file coords-v9.cif (mmCIF, C-alpha atoms and all ligand atoms)
data_run
loop_
_atom_site.group_PDB
_atom_site.id
_atom_site.type_symbol
_atom_site.label_atom_id
_atom_site.label_comp_id
_atom_site.auth_asym_id
_atom_site.auth_seq_id
_atom_site.Cartn_x
_atom_site.Cartn_y
_atom_site.Cartn_z
ATOM 1 C CA MET A 557 0.000 0.000 0.000
ATOM 2 C CA SER A 558 1.362 3.436 -0.894
ATOM 3 C CA GLN A 559 1.999 5.994 1.840
ATOM 4 C CA VAL A 560 -0.757 8.173 0.407
ATOM 5 C CA ASP A 561 -3.218 5.269 0.595
ATOM 6 C CA THR A 562 -2.191 4.728 4.228
ATOM 7 C CA LEU A 563 -2.979 8.387 4.969
ATOM 8 C CA LYS A 564 -6.319 8.192 3.202
ATOM 9 C CA GLN A 565 -7.366 4.926 4.798
ATOM 10 C CA ARG A 566 -7.024 6.034 8.419
ATOM 11 C CA ARG A 567 -10.523 6.222 9.917
ATOM 12 C CA SER A 568 -11.814 7.204 13.325
ATOM 13 C CA ILE A 569 -12.546 3.939 15.142
ATOM 14 C CA ARG A 570 -15.102 3.873 17.946
ATOM 15 C CA LYS A 571 -15.461 0.086 18.465
ATOM 16 C CA PHE A 572 -12.470 -1.945 19.594
ATOM 17 C CA GLN A 573 -11.601 -5.594 20.115
ATOM 18 C CA LYS A 574 -10.960 -6.514 23.761
ATOM 19 C CA ARG A 575 -7.391 -7.558 22.866
ATOM 20 C CA PRO A 576 -4.927 -5.384 24.809
ATOM 21 C CA VAL A 577 -2.329 -3.317 22.980
ATOM 22 C CA PRO A 578 1.241 -4.220 24.015
ATOM 23 C CA MET A 579 2.836 -1.402 26.026
ATOM 24 C CA GLU A 580 5.893 -1.504 23.766
ATOM 25 C CA ILE A 581 3.735 -0.653 20.738
ATOM 26 C CA ILE A 582 2.081 2.214 22.636
ATOM 27 C CA ARG A 583 5.534 3.498 23.567
ATOM 28 C CA GLN A 584 6.687 3.355 19.928
ATOM 29 C CA ILE A 585 3.587 5.191 18.717
ATOM 30 C CA LEU A 586 4.111 7.987 21.225
ATOM 31 C CA GLU A 587 7.770 8.208 20.348
ATOM 32 C CA THR A 588 6.782 8.582 16.686
ATOM 33 C CA ALA A 589 4.358 11.365 17.678
ATOM 34 C CA SER A 590 7.348 13.391 18.879
ATOM 35 C CA PHE A 591 8.641 13.520 15.299
ATOM 36 C CA ALA A 592 5.868 16.015 14.507
ATOM 37 C CA PRO A 593 6.925 19.589 13.769
ATOM 38 C CA SER A 594 6.536 22.114 16.596
ATOM 39 C CA ALA A 595 6.972 25.871 16.933
ATOM 40 C CA HIS A 596 10.531 26.672 18.208
ATOM 41 C CA ASN A 597 10.862 22.873 18.374
ATOM 42 C CA ALA A 598 9.369 23.380 21.836
ATOM 43 C CA GLN A 599 7.441 20.069 21.669
ATOM 44 C CA PRO A 600 4.680 21.381 23.927
ATOM 45 C CA TRP A 601 2.929 18.004 24.115
ATOM 46 C CA ARG A 602 2.638 15.784 27.159
ATOM 47 C CA PHE A 603 0.770 12.448 27.039
ATOM 48 C CA ILE A 604 -0.720 10.280 29.766
ATOM 49 C CA VAL A 605 -1.513 6.663 28.859
ATOM 50 C CA LEU A 606 -4.242 4.801 30.738
ATOM 51 C CA THR A 607 -4.729 1.067 30.293
ATOM 52 C CA GLY A 608 -5.973 -0.076 33.714
ATOM 53 C CA SER A 609 -9.762 -0.630 33.998
ATOM 54 C CA GLN A 610 -10.000 1.361 37.229
ATOM 55 C CA GLN A 611 -7.994 4.263 35.826
ATOM 56 C CA LYS A 612 -10.045 4.381 32.612
ATOM 57 C CA SER A 613 -13.336 4.194 34.561
ATOM 58 C CA GLY A 614 -12.167 6.843 37.024
ATOM 59 C CA LEU A 615 -11.443 9.276 34.209
ATOM 60 C CA ALA A 616 -14.559 8.419 32.195
ATOM 61 C CA GLU A 617 -16.802 8.858 35.293
ATOM 62 C CA ALA A 618 -15.191 12.153 36.275
ATOM 63 C CA MET A 619 -15.651 13.514 32.767
ATOM 64 C CA ALA A 620 -19.206 12.162 32.617
ATOM 65 C CA ASN A 621 -20.126 13.851 35.930
ATOM 66 C CA ALA A 622 -18.887 17.200 34.615
ATOM 67 C CA TRP A 623 -20.830 16.694 31.381
ATOM 68 C CA ARG A 624 -23.977 15.641 33.266
ATOM 69 C CA GLU A 625 -23.929 18.960 35.144
ATOM 70 C CA GLU A 626 -23.518 20.847 31.876
ATOM 71 C CA LEU A 627 -26.468 19.006 30.291
ATOM 72 C CA GLU A 628 -28.581 19.787 33.365
ATOM 73 C CA ARG A 629 -27.721 23.475 33.040
ATOM 74 C CA ASP A 630 -28.763 23.275 29.361
ATOM 75 C CA HIS A 631 -32.138 21.769 30.486
ATOM 76 C CA ILE A 632 -31.615 18.582 28.471
ATOM 77 C CA PRO A 633 -34.278 16.030 29.563
ATOM 78 C CA GLN A 634 -33.083 13.480 32.111
ATOM 79 C CA GLY A 635 -33.517 10.419 29.832
ATOM 80 C CA THR A 636 -31.484 12.007 27.038
ATOM 81 C CA ARG A 637 -28.835 13.125 29.538
ATOM 82 C CA GLN A 638 -28.502 9.652 31.006
ATOM 83 C CA LYS A 639 -28.208 8.031 27.581
ATOM 84 C CA ALA A 640 -25.560 10.483 26.360
ATOM 85 C CA VAL A 641 -23.474 10.169 29.507
ATOM 86 C CA SER A 642 -23.650 6.334 29.620
ATOM 87 C CA CYS A 643 -22.669 6.174 25.953
ATOM 88 C CA SER A 644 -19.652 8.408 26.621
ATOM 89 C CA ILE A 645 -18.512 6.260 29.583
ATOM 90 C CA GLU A 646 -18.877 3.105 27.456
ATOM 91 C CA ARG A 647 -16.889 4.667 24.571
ATOM 92 C CA PHE A 648 -13.950 5.500 26.783
ATOM 93 C CA THR A 649 -13.888 2.444 29.054
ATOM 94 C CA SER A 650 -14.288 -0.071 26.207
ATOM 95 C CA ALA A 651 -11.100 1.125 24.518
ATOM 96 C CA PRO A 652 -8.057 -0.931 25.551
ATOM 97 C CA ALA A 653 -6.055 2.269 25.985
ATOM 98 C CA ILE A 654 -6.783 5.950 26.464
ATOM 99 C CA ILE A 655 -4.215 8.639 25.753
ATOM 100 C CA VAL A 656 -4.776 12.082 27.266
ATOM 101 C CA ALA A 657 -2.968 14.728 25.229
ATOM 102 C CA CYS A 658 -1.942 17.798 27.212
ATOM 103 C CA LEU A 659 -0.476 21.188 26.379
ATOM 104 C CA SER A 660 2.495 22.618 28.260
ATOM 105 C CA LEU A 661 3.595 26.210 27.571
ATOM 106 C CA GLU A 662 6.737 25.719 29.676
ATOM 107 C CA ASP A 663 9.198 26.046 26.770
ATOM 108 C CA MET A 664 7.205 28.472 24.646
ATOM 109 C CA ASP A 665 8.239 32.137 24.336
ATOM 110 C CA LYS A 666 6.825 34.600 26.860
ATOM 111 C CA TYR A 667 5.440 38.011 25.842
ATOM 112 C CA PRO A 668 4.457 40.958 28.053
ATOM 113 C CA ASP A 669 1.287 41.645 26.027
ATOM 114 C CA ALA A 670 -1.825 39.477 25.881
ATOM 115 C CA GLU A 671 -2.085 39.549 22.077
ATOM 116 C CA ARG A 672 1.296 38.000 21.347
ATOM 117 C CA GLN A 673 0.934 35.653 24.312
ATOM 118 C CA CYS A 674 -2.306 34.432 22.763
ATOM 119 C CA ILE A 675 -0.573 33.881 19.406
ATOM 120 C CA GLU A 676 2.188 31.951 21.161
ATOM 121 C CA ARG A 677 -0.462 29.743 22.725
ATOM 122 C CA ASP A 678 -1.987 29.136 19.275
ATOM 123 C CA LEU A 679 1.446 27.998 18.071
ATOM 124 C CA ALA A 680 1.563 25.497 20.900
ATOM 125 C CA VAL A 681 -1.974 24.244 20.201
ATOM 126 C CA GLN A 682 -1.113 23.793 16.499
ATOM 127 C CA SER A 683 2.043 21.889 17.481
ATOM 128 C CA LEU A 684 0.117 19.596 19.803
ATOM 129 C CA ALA A 685 -2.427 18.926 17.039
ATOM 130 C CA ALA A 686 0.421 17.974 14.682
ATOM 131 C CA ALA A 687 1.693 15.496 17.294
ATOM 132 C CA ILE A 688 -1.778 14.012 17.776
ATOM 133 C CA GLN A 689 -2.196 13.520 14.028
ATOM 134 C CA THR A 690 1.240 11.876 13.854
ATOM 135 C CA LEU A 691 0.176 9.598 16.726
ATOM 136 C CA LEU A 692 -3.023 8.651 14.856
ATOM 137 C CA LEU A 693 -1.055 7.798 11.718
ATOM 138 C CA ALA A 694 1.590 5.847 13.655
ATOM 139 C CA ALA A 695 -1.195 3.827 15.289
ATOM 140 C CA HIS A 696 -2.803 3.205 11.883
ATOM 141 C CA ALA A 697 0.550 2.028 10.508
ATOM 142 C CA ASN A 698 0.558 -0.553 13.349
ATOM 143 C CA SER A 699 -2.971 -1.799 12.391
ATOM 144 C CA LEU A 700 -4.428 0.029 15.405
ATOM 145 C CA GLY A 701 -7.513 2.207 15.435
ATOM 146 C CA THR A 702 -7.909 5.538 17.196
ATOM 147 C CA CYS A 703 -10.486 8.226 17.761
ATOM 148 C CA TRP A 704 -9.602 11.812 18.700
ATOM 149 C CA TYR A 705 -12.033 13.318 21.228
ATOM 150 C CA CYS A 706 -12.154 16.960 22.302
ATOM 151 C CA ALA A 707 -14.064 16.175 25.550
ATOM 152 C CA PRO A 708 -11.230 17.107 27.989
ATOM 153 C CA LEU A 709 -11.429 20.733 26.830
ATOM 154 C CA PHE A 710 -14.940 20.928 28.305
ATOM 155 C CA CYS A 711 -13.976 19.493 31.695
ATOM 156 C CA LYS A 712 -10.335 20.425 32.231
ATOM 157 C CA GLN A 713 -10.574 20.604 36.021
ATOM 158 C CA ALA A 714 -12.165 17.151 36.304
ATOM 159 C CA VAL A 715 -9.412 15.668 34.120
ATOM 160 C CA ARG A 716 -6.703 17.528 36.070
ATOM 161 C CA ARG A 717 -8.071 16.360 39.425
ATOM 162 C CA THR A 718 -8.375 12.726 38.326
ATOM 163 C CA LEU A 719 -4.943 12.457 36.718
ATOM 164 C CA GLU A 720 -3.104 14.850 39.082
ATOM 165 C CA ILE A 721 -2.195 17.167 36.207
ATOM 166 C CA PRO A 722 -0.715 20.493 37.392
ATOM 167 C CA ASP A 723 -2.708 23.693 36.781
ATOM 168 C CA THR A 724 -0.052 24.941 34.334
ATOM 169 C CA VAL A 725 -0.733 22.015 31.998
ATOM 170 C CA GLU A 726 -3.923 21.857 29.947
ATOM 171 C CA PRO A 727 -5.672 18.619 28.975
ATOM 172 C CA GLN A 728 -6.679 19.200 25.348
ATOM 173 C CA ALA A 729 -7.760 15.893 23.871
ATOM 174 C CA LEU A 730 -8.403 12.250 24.564
ATOM 175 C CA ILE A 731 -7.480 9.536 22.086
ATOM 176 C CA THR A 732 -8.899 6.043 22.345
ATOM 177 C CA LEU A 733 -6.640 3.302 21.018
ATOM 178 C CA GLY A 734 -7.081 -0.376 20.226
ATOM 179 C CA TYR A 735 -7.449 -3.007 17.540
ATOM 180 C CA PRO A 736 -10.482 -2.058 15.389
ATOM 181 C CA ASP A 737 -13.738 -3.975 15.694
ATOM 182 C CA GLU A 738 -15.423 -2.044 12.893
ATOM 183 C CA ALA A 739 -14.539 -0.806 9.427
ATOM 184 C CA PRO A 740 -16.405 2.470 9.039
ATOM 185 C CA LYS A 741 -17.029 4.032 5.656
ATOM 186 C CA MET A 742 -15.141 7.235 4.988
ATOM 187 C CA PRO A 743 -17.197 10.258 6.035
ATOM 188 C CA LEU A 744 -17.674 12.548 3.049
ATOM 189 C CA ARG A 745 -14.925 15.030 2.268
ATOM 190 C CA ARG A 746 -15.643 18.491 0.882
ATOM 191 C CA PRO A 747 -14.945 18.735 -2.838
ATOM 192 C CA LEU A 748 -11.574 20.373 -3.538
ATOM 193 C CA GLN A 749 -13.103 23.502 -5.038
ATOM 194 C CA ASP A 750 -14.819 24.246 -1.695
ATOM 195 C CA TYR A 751 -11.544 24.750 0.167
ATOM 196 C CA LEU A 752 -8.718 25.159 -2.313
ATOM 197 C CA TYR A 753 -7.998 28.453 -4.038
ATOM 198 C CA CYS A 754 -5.225 29.624 -6.311
ATOM 199 C CA GLU A 755 -3.327 32.932 -6.143
ATOM 200 C CA LYS A 756 -6.086 34.637 -4.107
ATOM 201 C CA TRP A 757 -9.052 33.864 -1.887
ATOM 202 C CA GLY A 758 -11.971 32.439 -3.881
ATOM 203 C CA ALA A 759 -10.079 31.975 -7.179
ATOM 204 C CA PRO A 760 -10.421 28.393 -8.460
ATOM 205 C CA PHE A 761 -7.410 26.097 -8.465
ATOM 206 C CA ARG A 762 -6.850 24.656 -11.925
HETATM 207 C C1 LIG A 801 -10.269 18.131 17.142
HETATM 208 C C2 LIG A 801 -11.118 16.908 16.908
HETATM 209 C C3 LIG A 801 -12.118 16.594 17.806
HETATM 210 C C4 LIG A 801 -12.912 15.454 17.624
HETATM 211 N N1 LIG A 801 -13.836 15.154 18.561
HETATM 212 C C5 LIG A 801 -14.597 14.050 18.409
HETATM 213 C C6 LIG A 801 -15.565 13.721 19.398
HETATM 214 O O1 LIG A 801 -15.726 14.420 20.409
HETATM 215 N N2 LIG A 801 -16.314 12.591 19.204
HETATM 216 C C7 LIG A 801 -16.136 11.795 18.100
HETATM 217 O O2 LIG A 801 -16.845 10.775 18.002
HETATM 218 N N3 LIG A 801 -15.219 12.082 17.141
HETATM 219 C C8 LIG A 801 -14.452 13.189 17.268
HETATM 220 N N4 LIG A 801 -13.509 13.497 16.321
HETATM 221 C C9 LIG A 801 -13.335 12.619 15.144
HETATM 222 C C10 LIG A 801 -14.086 13.204 13.924
HETATM 223 O O3 LIG A 801 -15.461 13.045 14.090
HETATM 224 C C11 LIG A 801 -13.602 12.497 12.643
HETATM 225 O O4 LIG A 801 -12.224 12.717 12.481
HETATM 226 C C12 LIG A 801 -14.330 12.995 11.390
HETATM 227 O O5 LIG A 801 -15.695 12.653 11.434
HETATM 228 C C13 LIG A 801 -13.737 12.412 10.109
HETATM 229 O O6 LIG A 801 -13.736 10.995 10.164
HETATM 230 P P1 LIG A 801 -12.379 10.159 9.957
HETATM 231 O O7 LIG A 801 -11.461 10.509 11.110
HETATM 232 O O8 LIG A 801 -12.789 8.723 9.971
HETATM 233 O O9 LIG A 801 -11.766 10.555 8.656
HETATM 234 C C14 LIG A 801 -12.700 14.623 16.477
HETATM 235 C C15 LIG A 801 -11.686 14.943 15.584
HETATM 236 C C16 LIG A 801 -10.885 16.057 15.789
HETATM 237 C C17 LIG A 801 -9.770 16.368 14.816
#
call {"tool": "encode", "arguments": {"input": "coords-v9.cif", "output": "structure tokens"}}
result
Amino acid sequence: MSQVDTLKQRRSIRKFQKRPVPMEIIRQILETASFAPSAHNAQPWRFIVLTGSQQKSGLAEAMANAWREELERDHIPQGTRQKAVSCSIERFTSAPAIIVACLSLEDMDKYPDAERQCIERDLAVQSLAAAIQTLLLAAHANSLGTCWYCAPLFCKQAVRRTLEIPDTVEPQALITLGYPDEAPKMPLRRPLQDYLYCEKWGAPFR
């Protein structure tokens, strides 16, 4: 299979076999993630791997409790709330491994003004995203499935408390990892002309 085919055939996987993923493979995948580009080569990513049932449940429950409160505030009916929260717990606990991707600004530049500080933070977020994508592709190259979830962004404190993450570090994403137990169809992609321009905004690429 060509490298381009490998890139195109990665899919988000939400159903996994029970088979555990060897720790050595997880280590290799996360080492590969560090080959992603990063602003100032600061490598602002930090990853926490969870494979124990208790640890996965602890995190999933803590995140679910935070979400449940949010749904209550949004006046979502109780039955719908319960279903959504149970489904989220099941998604996370049924994956053989969970990887929590965090952002550390420790080695990023510091600016006295809020505007440039905000840009610097964006650089770090983009760098972390590059590492997560590299992780996803490294997993795919090892016949493993992944799904990238943004849930930790909505309940940072709950994730911090559960995993003892310092306040200076920000949980940004959760990636489930395991051997796929489904082969989903590719979700539709926008046609090229909807997002690709040539020479100036809106001019078709030919
Ligand atoms: C930043 C980000 C956040 C995502 N969050 C979720 C999520 O919360 N739940 C989910 O099921 N999938 C999530 N996904 C996966 C997308 O739904 C998926 O990538 C998209 O539908 C395209 O499918 P594909 O990955 O199979 O190509 C997320 C992906 C990204 C990049």
call {"tool": "closest_residue", "arguments": {"input": "coords-v9.cif", "among": "A:Met742, A:Val641, A:Met619, A:Ala729", "to": "Tyr705 of chain A", "atoms": "only C-alpha atoms"}}
result
A:Ala729
call {"tool": "closest_atom_pairs", "arguments": {"input": "coords-v9.cif", "of": "segment 607-703 of chain A", "to": "segment 560-563 of chain A", "cutoff": "12 Å", "atoms": "all atoms listed in the file", "output": "CSV"}}
result
residue,atom,partner,partner_atom,distance
A:Gln689,CA,A:Leu563,CA,10.4
A:Thr690,CA,A:Leu563,CA,10.4
A:Leu692,CA,A:Leu563,CA,9.9
A:Leu693,CA,A:Leu563,CA,7.0
A:Ala694,CA,A:Leu563,CA,10.1
A:Ala695,CA,A:Thr562,CA,11.1
A:His696,CA,A:Thr562,CA,7.8
A:Ala697,CA,A:Thr562,CA,7.4
A:Asn698,CA,A:Thr562,CA,10.9
A:Ser699,CA,A:Thr562,CA,10.5
call {"tool": "residues_near_ligand", "arguments": {"input": "coords-v9.cif", "ligand": "ligand LIG 801 (chain A)", "cutoff": "9 Å", "atoms": "all atoms listed in the file", "output": "list in words"}}
result
Lys564, Gln565, Arg566, Arg567, Ser568, Ile569, Arg570, Arg647, Ala685, Ile688, Gln689, Thr702, Cys703, Trp704, Tyr705, Cys706, Ala707, Ala729, Leu730, Pro740, Lys741, Met742, Pro743, Leu744 and Arg745 of chain A
call {"tool": "residues_around", "arguments": {"input": "coords-v9.cif", "residues": "His596 of chain A", "least_positions_apart": "3", "cutoff": "10 Å", "atoms": "all atoms listed in the file", "output": "JSON list (two decimals) with C-alpha atoms, in the coordinates of the input"}}
result
[["chain", "number", "residue", "atom", "x", "y", "z"],
["A", 593, "PRO", "CA", 6.92, 19.59, 13.77],
["A", 599, "GLN", "CA", 7.44, 20.07, 21.67],
["A", 600, "PRO", "CA", 4.68, 21.38, 23.93],
["A", 663, "ASP", "CA", 9.20, 26.05, 26.77],
["A", 664, "MET", "CA", 7.20, 28.47, 24.65],
["A", 665, "ASP", "CA", 8.24, 32.14, 24.34],
["A", 679, "LEU", "CA", 1.45, 28.00, 18.07],
["A", 680, "ALA", "CA", 1.56, 25.50, 20.90],
["A", 683, "SER", "CA", 2.04, 21.89, 17.48]]
call {"tool": "atom_distance", "arguments": {"input": "coords-v9.cif", "atom1": "atom CA of Ala686 of chain A", "atom2": "atom CA of Ala592 of chain A"}}
result
5.8 Å
call {"tool": "atom_distance", "arguments": {"input": "coords-v9.cif", "atom1": "atom CA of Ile675 of chain A", "atom2": "atom CA of Pro722 of chain A"}}
result
22.4 Å
call {"tool": "closest_residue", "arguments": {"input": "coords-v9.cif", "among": "A:Thr732, A:Thr718, A:Gln682, A:Ser644", "to": "Ser594 of chain A", "atoms": "all atoms listed in the file"}}
result
A:Gln682
call {"tool": "atom_distance", "arguments": {"input": "coords-v9.cif", "atom1": "atom CA of Leu700 of chain A", "atom2": "atom CA of Gly734 of chain A"}}
result
5.5 Å
call {"tool": "residues_around", "arguments": {"input": "coords-v9.cif", "residues": "segment 636-640 of chain A", "least_positions_apart": "6", "cutoff": "9 Å", "atoms": "all atoms listed in the file", "output": "count of residues only"}}
result
4
call {"tool": "axis_aligned_box", "arguments": {"input": "coords-v9.cif", "around": "segment 632-638 of chain A", "padding_each_side": "3 Å", "output": "AutoDock Vina command-line options"}}
result
--center_x -31.4 --center_y 14.1 --center_z 29.6 --size_x 11.8 --size_y 14.9 --size_z 11.1
call {"tool": "build_atoms", "arguments": {"input": "coords-v9.cif", "residues": "segment 707-741 of chain A", "atoms": "N, CA and C atoms", "output": "PDB file, keeping the file's coordinate frame"}}
result
ATOM      1  N   ALA A 707     -13.356  16.083  24.263  1.00  0.00           N
ATOM      2  CA  ALA A 707     -14.064  16.175  25.550  1.00  0.00           C
ATOM      3  C   ALA A 707     -13.256  16.819  26.686  1.00  0.00           C
ATOM      4  N   PRO A 708     -11.949  16.526  26.848  1.00  0.00           N
ATOM      5  CA  PRO A 708     -11.230  17.107  27.989  1.00  0.00           C
ATOM      6  C   PRO A 708     -11.262  18.631  28.036  1.00  0.00           C
ATOM      7  N   LEU A 709     -11.384  19.260  26.852  1.00  0.00           N
ATOM      8  CA  LEU A 709     -11.429  20.733  26.830  1.00  0.00           C
ATOM      9  C   LEU A 709     -12.625  21.267  27.600  1.00  0.00           C
ATOM     10  N   PHE A 710     -13.702  20.476  27.659  1.00  0.00           N
ATOM     11  CA  PHE A 710     -14.940  20.928  28.305  1.00  0.00           C
ATOM     12  C   PHE A 710     -14.959  20.607  29.805  1.00  0.00           C
ATOM     13  N   CYS A 711     -13.989  19.848  30.266  1.00  0.00           N
ATOM     14  CA  CYS A 711     -13.976  19.493  31.695  1.00  0.00           C
ATOM     15  C   CYS A 711     -12.535  19.379  32.188  1.00  0.00           C
ATOM     16  N   LYS A 712     -11.775  20.447  31.923  1.00  0.00           N
ATOM     17  CA  LYS A 712     -10.335  20.425  32.231  1.00  0.00           C
ATOM     18  C   LYS A 712     -10.062  20.127  33.701  1.00  0.00           C
ATOM     19  N   GLN A 713     -10.858  20.769  34.594  1.00  0.00           N
ATOM     20  CA  GLN A 713     -10.574  20.604  36.021  1.00  0.00           C
ATOM     21  C   GLN A 713     -10.810  19.156  36.459  1.00  0.00           C
ATOM     22  N   ALA A 714     -11.872  18.547  35.939  1.00  0.00           N
ATOM     23  CA  ALA A 714     -12.165  17.151  36.304  1.00  0.00           C
ATOM     24  C   ALA A 714     -11.030  16.239  35.841  1.00  0.00           C
ATOM     25  N   VAL A 715     -10.513  16.501  34.640  1.00  0.00           N
ATOM     26  CA  VAL A 715      -9.412  15.668  34.120  1.00  0.00           C
ATOM     27  C   VAL A 715      -8.152  15.916  34.948  1.00  0.00           C
ATOM     28  N   ARG A 716      -7.897  17.197  35.257  1.00  0.00           N
ATOM     29  CA  ARG A 716      -6.703  17.528  36.070  1.00  0.00           C
ATOM     30  C   ARG A 716      -6.760  16.824  37.424  1.00  0.00           C
ATOM     31  N   ARG A 717      -7.917  16.959  38.079  1.00  0.00           N
ATOM     32  CA  ARG A 717      -8.071  16.360  39.425  1.00  0.00           C
ATOM     33  C   ARG A 717      -7.834  14.852  39.371  1.00  0.00           C
ATOM     34  N   THR A 718      -8.446  14.197  38.383  1.00  0.00           N
ATOM     35  CA  THR A 718      -8.375  12.726  38.326  1.00  0.00           C
ATOM     36  C   THR A 718      -6.959  12.236  38.038  1.00  0.00           C
ATOM     37  N   LEU A 719      -6.262  12.950  37.152  1.00  0.00           N
ATOM     38  CA  LEU A 719      -4.943  12.457  36.718  1.00  0.00           C
ATOM     39  C   LEU A 719      -3.779  13.201  37.387  1.00  0.00           C
ATOM     40  N   GLU A 720      -4.123  14.072  38.340  1.00  0.00           N
ATOM     41  CA  GLU A 720      -3.104  14.850  39.082  1.00  0.00           C
ATOM     42  C   GLU A 720      -2.244  15.682  38.139  1.00  0.00           C
ATOM     43  N   ILE A 721      -2.899  16.310  37.174  1.00  0.00           N
ATOM     44  CA  ILE A 721      -2.195  17.167  36.207  1.00  0.00           C
ATOM     45  C   ILE A 721      -2.060  18.559  36.837  1.00  0.00           C
ATOM     46  N   PRO A 722      -0.857  19.155  36.798  1.00  0.00           N
ATOM     47  CA  PRO A 722      -0.715  20.493  37.392  1.00  0.00           C
ATOM     48  C   PRO A 722      -1.551  21.546  36.648  1.00  0.00           C
ATOM     49  N   ASP A 723      -1.865  22.638  37.364  1.00  0.00           N
ATOM     50  CA  ASP A 723      -2.708  23.693  36.781  1.00  0.00           C
ATOM     51  C   ASP A 723      -2.074  24.361  35.561  1.00  0.00           C
ATOM     52  N   THR A 724      -0.750  24.295  35.458  1.00  0.00           N
ATOM     53  CA  THR A 724      -0.052  24.941  34.334  1.00  0.00           C
ATOM     54  C   THR A 724      -0.158  24.115  33.047  1.00  0.00           C
ATOM     55  N   VAL A 725      -0.641  22.911  33.160  1.00  0.00           N
ATOM     56  CA  VAL A 725      -0.733  22.015  31.998  1.00  0.00           C
ATOM     57  C   VAL A 725      -2.211  21.819  31.673  1.00  0.00           C
ATOM     58  N   GLU A 726      -2.517  21.860  30.355  1.00  0.00           N
ATOM     59  CA  GLU A 726      -3.923  21.857  29.947  1.00  0.00           C
ATOM     60  C   GLU A 726      -4.297  20.583  29.196  1.00  0.00           C
ATOM     61  N   PRO A 727      -5.211  19.782  29.754  1.00  0.00           N
ATOM     62  CA  PRO A 727      -5.672  18.619  28.975  1.00  0.00           C
ATOM     63  C   PRO A 727      -6.470  19.106  27.769  1.00  0.00           C
ATOM     64  N   GLN A 728      -6.068  18.672  26.578  1.00  0.00           N
ATOM     65  CA  GLN A 728      -6.679  19.200  25.348  1.00  0.00           C
ATOM     66  C   GLN A 728      -7.487  18.169  24.595  1.00  0.00           C
ATOM     67  N   ALA A 729      -7.093  16.908  24.690  1.00  0.00           N
ATOM     68  CA  ALA A 729      -7.760  15.893  23.871  1.00  0.00           C
ATOM     69  C   ALA A 729      -7.595  14.523  24.512  1.00  0.00           C
ATOM     70  N   LEU A 730      -8.477  13.639  24.102  1.00  0.00           N
ATOM     71  CA  LEU A 730      -8.403  12.250  24.564  1.00  0.00           C
ATOM     72  C   LEU A 730      -8.432  11.382  23.308  1.00  0.00           C
ATOM     73  N   ILE A 731      -7.516  10.428  23.253  1.00  0.00           N
ATOM     74  CA  ILE A 731      -7.480   9.536  22.086  1.00  0.00           C
ATOM     75  C   ILE A 731      -7.694   8.108  22.580  1.00  0.00           C
ATOM     76  N   THR A 732      -8.702   7.456  22.024  1.00  0.00           N
ATOM     77  CA  THR A 732      -8.899   6.043  22.345  1.00  0.00           C
ATOM     78  C   THR A 732      -8.061   5.228  21.357  1.00  0.00           C
ATOM     79  N   LEU A 733      -7.566   4.089  21.831  1.00  0.00           N
ATOM     80  CA  LEU A 733      -6.640   3.302  21.018  1.00  0.00           C
ATOM     81  C   LEU A 733      -6.909   1.810  21.211  1.00  0.00           C
ATOM     82  N   GLY A 734      -6.914   1.074  20.123  1.00  0.00           N
ATOM     83  CA  GLY A 734      -7.081  -0.376  20.226  1.00  0.00           C
ATOM     84  C   GLY A 734      -7.169  -0.993  18.844  1.00  0.00           C
ATOM     85  N   TYR A 735      -7.285  -2.325  18.823  1.00  0.00           N
ATOM     86  CA  TYR A 735      -7.449  -3.007  17.540  1.00  0.00           C
ATOM     87  C   TYR A 735      -8.904  -2.824  17.093  1.00  0.00           C
ATOM     88  N   PRO A 736      -9.130  -2.387  15.850  1.00  0.00           N
ATOM     89  CA  PRO A 736     -10.482  -2.058  15.389  1.00  0.00           C
ATOM     90  C   PRO A 736     -11.430  -3.252  15.416  1.00  0.00           C
ATOM     91  N   ASP A 737     -12.685  -2.972  15.782  1.00  0.00           N
ATOM     92  CA  ASP A 737     -13.738  -3.975  15.694  1.00  0.00           C
ATOM     93  C   ASP A 737     -14.856  -3.449  14.788  1.00  0.00           C
ATOM     94  N   GLU A 738     -14.496  -2.579  13.900  1.00  0.00           N
ATOM     95  CA  GLU A 738     -15.423  -2.044  12.893  1.00  0.00           C
ATOM     96  C   GLU A 738     -14.579  -1.502  11.749  1.00  0.00           C
ATOM     97  N   ALA A 739     -15.240  -1.371  10.588  1.00  0.00           N
ATOM     98  CA  ALA A 739     -14.539  -0.806   9.427  1.00  0.00           C
ATOM     99  C   ALA A 739     -15.439   0.274   8.844  1.00  0.00           C
ATOM    100  N   PRO A 740     -15.457   1.453   9.481  1.00  0.00           N
ATOM    101  CA  PRO A 740     -16.405   2.470   9.039  1.00  0.00           C
ATOM    102  C   PRO A 740     -16.100   2.999   7.637  1.00  0.00           C
ATOM    103  N   LYS A 741     -17.185   3.398   6.973  1.00  0.00           N
ATOM    104  CA  LYS A 741     -17.029   4.032   5.656  1.00  0.00           C
ATOM    105  C   LYS A 741     -16.409   5.405   5.865  1.00  0.00           C
TER     106      LYS A 741
END
